[in-house]
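Note: the block below is protein.txt and it holds compact mmCIF, C-alpha atoms.
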# COMPACT_ATOMS: atom_id res chain seq x y z
CA ASN A 99 137.87 2.77 -61.37
CA ALA A 100 139.29 1.90 -57.92
CA GLY A 101 141.58 4.94 -57.59
CA VAL A 102 143.32 4.80 -54.21
CA THR A 103 142.53 1.82 -51.98
CA GLN A 104 143.37 1.77 -48.27
CA THR A 105 143.18 -1.15 -45.88
CA PRO A 106 141.99 -1.66 -43.24
CA LYS A 107 139.12 0.83 -42.82
CA PHE A 108 139.05 0.52 -39.03
CA GLN A 109 141.58 -0.73 -36.49
CA VAL A 110 141.91 -0.77 -32.73
CA LEU A 111 145.39 -1.30 -31.27
CA LYS A 112 146.74 -1.56 -27.78
CA THR A 113 149.58 0.74 -26.76
CA GLY A 114 152.86 -0.74 -27.93
CA GLN A 115 151.42 -2.91 -30.69
CA SER A 116 152.60 -2.53 -34.27
CA MET A 117 150.68 -2.47 -37.51
CA THR A 118 150.99 -1.54 -41.18
CA LEU A 119 148.47 0.51 -43.11
CA GLN A 120 148.32 -0.45 -46.75
CA CYS A 121 147.73 1.83 -49.71
CA ALA A 122 147.59 1.06 -53.43
CA GLN A 123 146.74 3.19 -56.45
CA ASP A 124 145.91 2.08 -59.97
CA MET A 125 146.32 5.40 -61.80
CA ASN A 126 150.05 5.07 -62.55
CA HIS A 127 150.76 8.12 -60.39
CA ASN A 128 154.35 8.90 -59.49
CA SER A 129 153.82 10.59 -56.13
CA MET A 130 152.15 9.18 -53.03
CA TYR A 131 151.45 10.67 -49.61
CA TRP A 132 150.33 9.76 -46.10
CA TYR A 133 148.36 12.29 -44.05
CA ARG A 134 146.69 12.16 -40.67
CA GLN A 135 143.51 14.06 -39.88
CA ASP A 136 142.74 15.27 -36.39
CA PRO A 137 139.82 17.46 -35.26
CA GLY A 138 140.47 21.17 -35.77
CA MET A 139 143.91 20.56 -37.30
CA GLY A 140 143.18 19.79 -40.92
CA LEU A 141 145.45 17.26 -42.57
CA ARG A 142 149.09 16.98 -41.67
CA LEU A 143 151.65 15.27 -43.87
CA ILE A 144 153.44 12.31 -42.30
CA TYR A 145 155.59 11.00 -45.16
CA TYR A 146 155.59 11.23 -48.90
CA SER A 147 157.19 9.56 -51.89
CA ALA A 148 157.85 11.80 -54.88
CA SER A 149 158.65 8.81 -57.08
CA GLU A 150 159.25 5.08 -56.85
CA GLY A 151 162.30 4.38 -54.73
CA THR A 152 162.26 7.64 -52.76
CA THR A 153 160.63 8.61 -49.47
CA ASP A 154 160.83 11.77 -47.38
CA LYS A 155 159.58 13.03 -44.04
CA GLY A 156 156.69 15.39 -43.83
CA GLU A 157 155.47 17.59 -41.00
CA VAL A 158 154.81 14.87 -38.38
CA PRO A 159 156.97 11.77 -39.10
CA ASN A 160 157.87 10.72 -35.54
CA GLY A 161 156.63 7.25 -34.66
CA TYR A 162 156.06 6.21 -38.27
CA ASN A 163 157.96 4.53 -41.09
CA VAL A 164 157.03 4.06 -44.73
CA SER A 165 157.88 1.80 -47.63
CA ARG A 166 157.33 2.54 -51.31
CA LEU A 167 157.13 -1.08 -52.35
CA ASN A 168 156.65 -0.33 -56.03
CA LYS A 169 154.97 2.36 -58.09
CA ARG A 170 151.50 1.25 -56.96
CA GLU A 171 151.96 0.65 -53.25
CA PHE A 172 152.96 2.89 -50.33
CA SER A 173 152.62 1.49 -46.81
CA LEU A 174 152.73 3.24 -43.43
CA ARG A 175 154.01 1.39 -40.37
CA LEU A 176 153.51 2.13 -36.70
CA GLU A 177 156.24 0.25 -34.83
CA SER A 178 154.97 0.89 -31.29
CA ALA A 179 151.55 2.52 -31.27
CA ALA A 180 150.77 5.31 -28.81
CA PRO A 181 147.41 6.90 -27.90
CA SER A 182 148.61 10.13 -29.59
CA GLN A 183 148.48 8.23 -32.89
CA THR A 184 144.73 7.81 -32.65
CA SER A 185 143.59 9.52 -35.83
CA VAL A 186 142.16 9.06 -39.30
CA TYR A 187 144.87 8.26 -41.83
CA PHE A 188 144.58 9.13 -45.50
CA CYS A 189 146.71 7.99 -48.37
CA ALA A 190 146.79 10.05 -51.55
CA SER A 191 148.47 9.98 -54.93
CA SER A 192 149.28 12.55 -57.56
CA GLU A 193 150.29 12.45 -61.18
CA ASN A 194 152.56 15.46 -61.39
CA ARG A 195 153.84 16.18 -57.92
CA GLY A 196 150.62 17.66 -56.63
CA LEU A 197 150.10 20.37 -59.21
CA GLY A 198 146.95 18.74 -60.55
CA GLY A 199 145.59 17.88 -57.14
CA TYR A 200 145.53 14.65 -55.23
CA THR A 201 143.31 11.58 -55.33
CA PHE A 202 142.55 10.40 -51.80
CA GLY A 203 141.68 7.03 -50.38
CA SER A 204 138.68 6.66 -48.08
CA GLY A 205 140.80 6.56 -44.93
CA THR A 206 141.70 4.30 -42.03
CA ARG A 207 140.27 5.13 -38.63
CA LEU A 208 142.81 4.03 -36.03
CA THR A 209 142.22 3.97 -32.29
CA VAL A 210 145.07 3.25 -29.87
CA VAL A 211 143.95 2.33 -26.36
CA GLY B 68 156.83 28.30 -44.03
CA ASN B 69 153.73 27.94 -46.16
CA SER B 70 150.38 28.03 -44.41
CA VAL B 71 146.65 28.25 -45.07
CA THR B 72 144.05 29.87 -42.82
CA GLN B 73 140.32 29.24 -43.22
CA MET B 74 137.38 30.86 -41.52
CA GLU B 75 136.38 28.96 -38.45
CA GLY B 76 133.28 26.88 -38.50
CA PRO B 77 130.89 25.44 -38.14
CA VAL B 78 128.84 27.37 -40.68
CA THR B 79 125.09 26.77 -40.78
CA LEU B 80 122.92 28.14 -43.58
CA SER B 81 119.45 27.66 -44.96
CA GLU B 82 118.91 26.08 -48.35
CA GLU B 83 119.31 28.56 -51.26
CA ALA B 84 121.45 30.93 -49.17
CA PHE B 85 124.67 32.46 -50.51
CA LEU B 86 127.86 30.83 -49.26
CA THR B 87 131.30 32.29 -48.69
CA ILE B 88 134.10 30.43 -46.94
CA ASN B 89 137.18 32.59 -46.52
CA CYS B 90 140.68 31.28 -47.19
CA THR B 91 143.96 33.17 -47.03
CA TYR B 92 147.45 31.82 -47.51
CA THR B 93 151.10 32.54 -46.86
CA ALA B 94 153.59 31.20 -49.36
CA THR B 95 156.78 31.99 -51.18
CA GLY B 96 156.38 32.29 -54.91
CA TYR B 97 153.15 31.42 -56.68
CA PRO B 98 151.61 28.20 -55.42
CA SER B 99 148.63 26.42 -56.93
CA LEU B 100 145.47 26.70 -54.81
CA PHE B 101 142.78 24.10 -54.21
CA TRP B 102 139.46 23.49 -52.51
CA TYR B 103 138.67 19.97 -51.37
CA VAL B 104 135.39 18.64 -49.98
CA GLN B 105 134.93 15.79 -47.52
CA TYR B 106 131.54 14.14 -47.10
CA PRO B 107 130.86 12.15 -43.92
CA GLY B 108 132.88 8.94 -43.69
CA GLU B 109 134.72 9.58 -46.95
CA GLY B 110 138.08 10.80 -48.15
CA LEU B 111 138.71 14.23 -49.62
CA GLN B 112 137.64 15.02 -53.16
CA LEU B 113 139.06 17.78 -55.31
CA LEU B 114 136.37 20.44 -55.79
CA LEU B 115 138.23 23.06 -57.80
CA LYS B 116 141.67 24.53 -58.36
CA ALA B 117 143.53 27.55 -59.72
CA THR B 118 147.15 27.56 -60.77
CA LYS B 119 147.97 31.24 -61.30
CA ALA B 120 146.89 34.70 -60.21
CA ASP B 121 143.41 35.83 -61.34
CA ASP B 122 142.45 32.29 -62.39
CA LYS B 123 138.94 31.28 -61.40
CA GLY B 124 138.28 27.67 -60.53
CA SER B 125 134.71 26.41 -60.72
CA ASN B 126 132.79 23.17 -60.27
CA LYS B 127 129.25 22.14 -59.24
CA GLY B 128 128.23 25.79 -58.82
CA PHE B 129 131.18 26.59 -56.55
CA GLU B 130 133.73 29.22 -57.55
CA ALA B 131 136.98 30.61 -56.18
CA THR B 132 139.35 33.24 -57.62
CA TYR B 133 143.11 33.28 -57.01
CA ARG B 134 143.80 36.77 -55.63
CA LYS B 135 147.52 37.38 -55.38
CA GLU B 136 147.17 40.94 -54.06
CA THR B 137 145.14 39.78 -51.05
CA THR B 138 146.64 36.25 -50.89
CA SER B 139 143.13 34.84 -50.83
CA PHE B 140 141.10 32.06 -52.44
CA HIS B 141 137.58 32.39 -51.04
CA LEU B 142 135.00 29.74 -51.90
CA GLU B 143 131.55 30.93 -53.01
CA LYS B 144 128.28 29.44 -54.13
CA GLY B 145 125.18 31.39 -55.06
CA SER B 146 122.53 28.99 -53.80
CA VAL B 147 123.47 26.10 -51.52
CA GLN B 148 121.65 22.80 -51.23
CA VAL B 149 121.30 20.32 -48.37
CA SER B 150 123.62 18.01 -50.32
CA ASP B 151 126.43 20.59 -50.00
CA SER B 152 126.71 19.80 -46.29
CA ALA B 153 130.31 18.64 -45.79
CA VAL B 154 133.72 19.78 -44.56
CA TYR B 155 135.61 22.06 -46.95
CA PHE B 156 139.40 22.36 -47.00
CA CYS B 157 141.48 25.03 -48.65
CA ALA B 158 144.98 23.96 -49.67
CA LEU B 159 148.06 25.17 -51.47
CA SER B 160 150.66 23.23 -53.37
CA ASP B 161 154.18 23.79 -52.16
CA ILE B 162 156.19 24.78 -55.23
CA GLN B 163 159.40 23.31 -53.86
CA GLY B 164 160.51 19.72 -54.14
CA ALA B 165 157.65 17.24 -54.31
CA GLN B 166 155.05 20.00 -54.23
CA LYS B 167 153.27 18.78 -51.16
CA LEU B 168 149.80 20.03 -50.31
CA VAL B 169 149.42 22.20 -47.21
CA PHE B 170 145.86 22.24 -45.84
CA GLY B 171 143.81 24.66 -43.81
CA GLN B 172 142.02 23.32 -40.76
CA GLY B 173 138.71 22.76 -42.58
CA THR B 174 135.29 24.40 -42.31
CA ARG B 175 132.23 22.31 -41.50
CA LEU B 176 129.17 23.45 -43.47
CA THR B 177 125.64 22.40 -42.61
CA ILE B 178 122.71 23.33 -44.83
CA ASN B 179 119.23 23.15 -43.32
CA PRO B 180 116.16 22.59 -45.51
Mind turning the file's structure into C-alpha cells?
Amino acid sequence: NAGVTQTPKFQVLKTGQSMTLQCAQDMNHNSMYWYRQDPGMGLRLIYYSASEGTTDKGEVPNGYNVSRLNKREFSLRLESAAPSQTSVYFCASSENRGLGGYTFGSGTRLTVV
Amino acid sequence: GNSVTQMEGPVTLSEEAFLTINCTYTATGYPSLFWYVQYPGEGLQLLLKATKADDKGSNKGFEATYRKETTSFHLEKGSVQVSDSAVYFCALSDIQGAQKLVFGQGTRLTINP
C-alpha cells in the first residue's frame, strides 16, 4: 500500500543547479498535483495534471516545469534553482479530480543555498 | 478567486479540552470542503470532508459541518488528546476544470498532558 512515493526526501542545491523531483502513485488515479509548502502560507499549487497527457499551471509555476510521463508518474523540474525555491514540496494524486480528496506523498525538503 | 481563511495559530490546549478551529471560505458555486491533518515530518492526510450544504463530515472524533449561509466549515472535537497535536488545514475543491484544492494557511495545534 505505497500510495504516493516521492524522491528524494531531502536535497540541498546550489543556486543555478538543476534537479528533478520524482513522484509516482500506484492507485490508478487520473489527476496529479505538485504543491509547495512555506511557513504561514499553507500549500500553493505549482502545476497539475488532470489526466495523462495534460499539464497546466497552478498558482506559482514560475521557475518550474513538469512532465506527466505516464499515468503513474509526474515529475517536477527546477531548471536553475534559486533561494526562493527553498521549500517543502508535496506531490498528490486524486481519483476524480479532487472531489474525493487527495492522497499526498511524504514530501521533499529542498534547500537552495 | 476562491480562498480559505483559518484562525491563526498556534493553538495550545490541555488534554480533554474542547477544540474549535475556525475556517471560512470564499468561492463561486458550491465547492466540496475538506480538513487535512499534517503530523511532524509527514505529508497531509485527509481527516474529513463534506460535499454539500449541511453535510457533516466526521472522523476520529473530529467533526465539521458545511454551513453555506455563513460560508464556514469549523473543525471541532469534544475532548482532545496529546496525539492530536499536528497542523490542521482547511481546504476547498475548486469546482471548475480539474477541481484543484485551495488550502488555508494551516493552524498548528499543541495539546499538553
Output as a list in words the set of chain B residues within 8 Å of chain A, with distances taken over all atoms listed in the file.
Ser99, Phe101, Gly108, Glu109, Gly110, Leu111, Gln112, Leu113, Lys116, Thr118, Phe156, Ser160, Ala165, Gln166, Lys167, Leu168, Val169, Phe170, Gly171, Gln172 and Gly173 of chain B
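For the atom pair formed by atom CA of Ile144 of chain A and atom CA of Tyr106 of chain B, the distance is 22.5 Å, given to one decimal.
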Tell me, as an NGL selection string, which residues lie within 6 Å of segment 142-154 of chain B, counting all atoms listed in the file; anything in the same chain fewer than 4 positions away does not count.
:B and (82-88 or 104-106 or 128-131 or 174-178)
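Interatomic distance, atom CA of Thr118 of chain A to atom CA of Lys169 of chain A: 17.8 Å.
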Find the distance between atom CA of Gly76 of chain B and atom CA of Ser125 of chain B and write it in Å to one decimal.
22.3 Å
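Considering all atoms listed in the file, the residue among A:Pro159, A:Gly101, A:Thr209, A:Ser173 positioned nearest to Asn126 of chain A is A:Gly101.
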A:Ser191, A:Ala180, A:Gly114, A:Leu119: which is nearest Glu150 of chain A, counting all atoms listed in the file?
A:Ser191
If I only have part of segment 136-155 of chain B, can you fill in N, CA and C atoms and write it as a compact mmCIF listing (two decimals), keeping the file's coordinate frame?
# COMPACT_ATOMS: atom_id res chain seq x y z
N GLU B 136 146.98 39.69 -54.81
CA GLU B 136 147.17 40.94 -54.06
C GLU B 136 146.68 40.83 -52.62
N THR B 137 145.67 39.99 -52.41
CA THR B 137 145.14 39.78 -51.05
C THR B 137 145.49 38.41 -50.50
N THR B 138 146.28 37.64 -51.23
CA THR B 138 146.64 36.25 -50.89
C THR B 138 145.42 35.49 -50.40
N SER B 139 144.38 35.48 -51.22
CA SER B 139 143.13 34.84 -50.83
C SER B 139 142.60 33.93 -51.93
N PHE B 140 141.73 33.01 -51.52
CA PHE B 140 141.10 32.06 -52.44
C PHE B 140 139.76 31.67 -51.82
N HIS B 141 138.85 32.61 -51.72
CA HIS B 141 137.58 32.39 -51.04
C HIS B 141 136.64 31.54 -51.88
N LEU B 142 135.96 30.63 -51.22
CA LEU B 142 135.00 29.74 -51.90
C LEU B 142 133.61 30.35 -51.83
N GLU B 143 132.89 30.36 -52.96
CA GLU B 143 131.55 30.93 -53.01
C GLU B 143 130.60 30.02 -53.79
N LYS B 144 129.34 30.09 -53.38
CA LYS B 144 128.28 29.44 -54.13
C LYS B 144 127.02 30.28 -53.98
N GLY B 145 126.32 30.48 -55.07
CA GLY B 145 125.18 31.39 -55.06
C GLY B 145 123.96 30.87 -54.33
N SER B 146 123.74 29.54 -54.38
CA SER B 146 122.53 28.99 -53.80
C SER B 146 122.85 27.56 -53.33
N VAL B 147 123.03 27.40 -52.03
CA VAL B 147 123.47 26.10 -51.52
C VAL B 147 122.29 25.15 -51.36
N GLN B 148 122.62 23.86 -51.39
CA GLN B 148 121.65 22.80 -51.23
C GLN B 148 122.01 21.95 -50.01
N VAL B 149 121.04 21.20 -49.52
CA VAL B 149 121.30 20.32 -48.37
C VAL B 149 122.46 19.38 -48.68
N SER B 150 122.56 18.94 -49.92
CA SER B 150 123.62 18.01 -50.32
C SER B 150 125.02 18.62 -50.30
N ASP B 151 125.12 19.93 -50.11
CA ASP B 151 126.43 20.59 -50.00
C ASP B 151 126.99 20.49 -48.57
N SER B 152 126.23 19.96 -47.66
CA SER B 152 126.71 19.80 -46.29
C SER B 152 127.93 18.88 -46.26
N ALA B 153 129.04 19.38 -45.75
CA ALA B 153 130.31 18.64 -45.79
C ALA B 153 131.36 19.49 -45.07
N VAL B 154 132.59 18.99 -45.04
CA VAL B 154 133.72 19.78 -44.56
C VAL B 154 134.54 20.21 -45.77
N TYR B 155 134.88 21.49 -45.82
CA TYR B 155 135.61 22.06 -46.95
C TYR B 155 137.01 22.46 -46.50
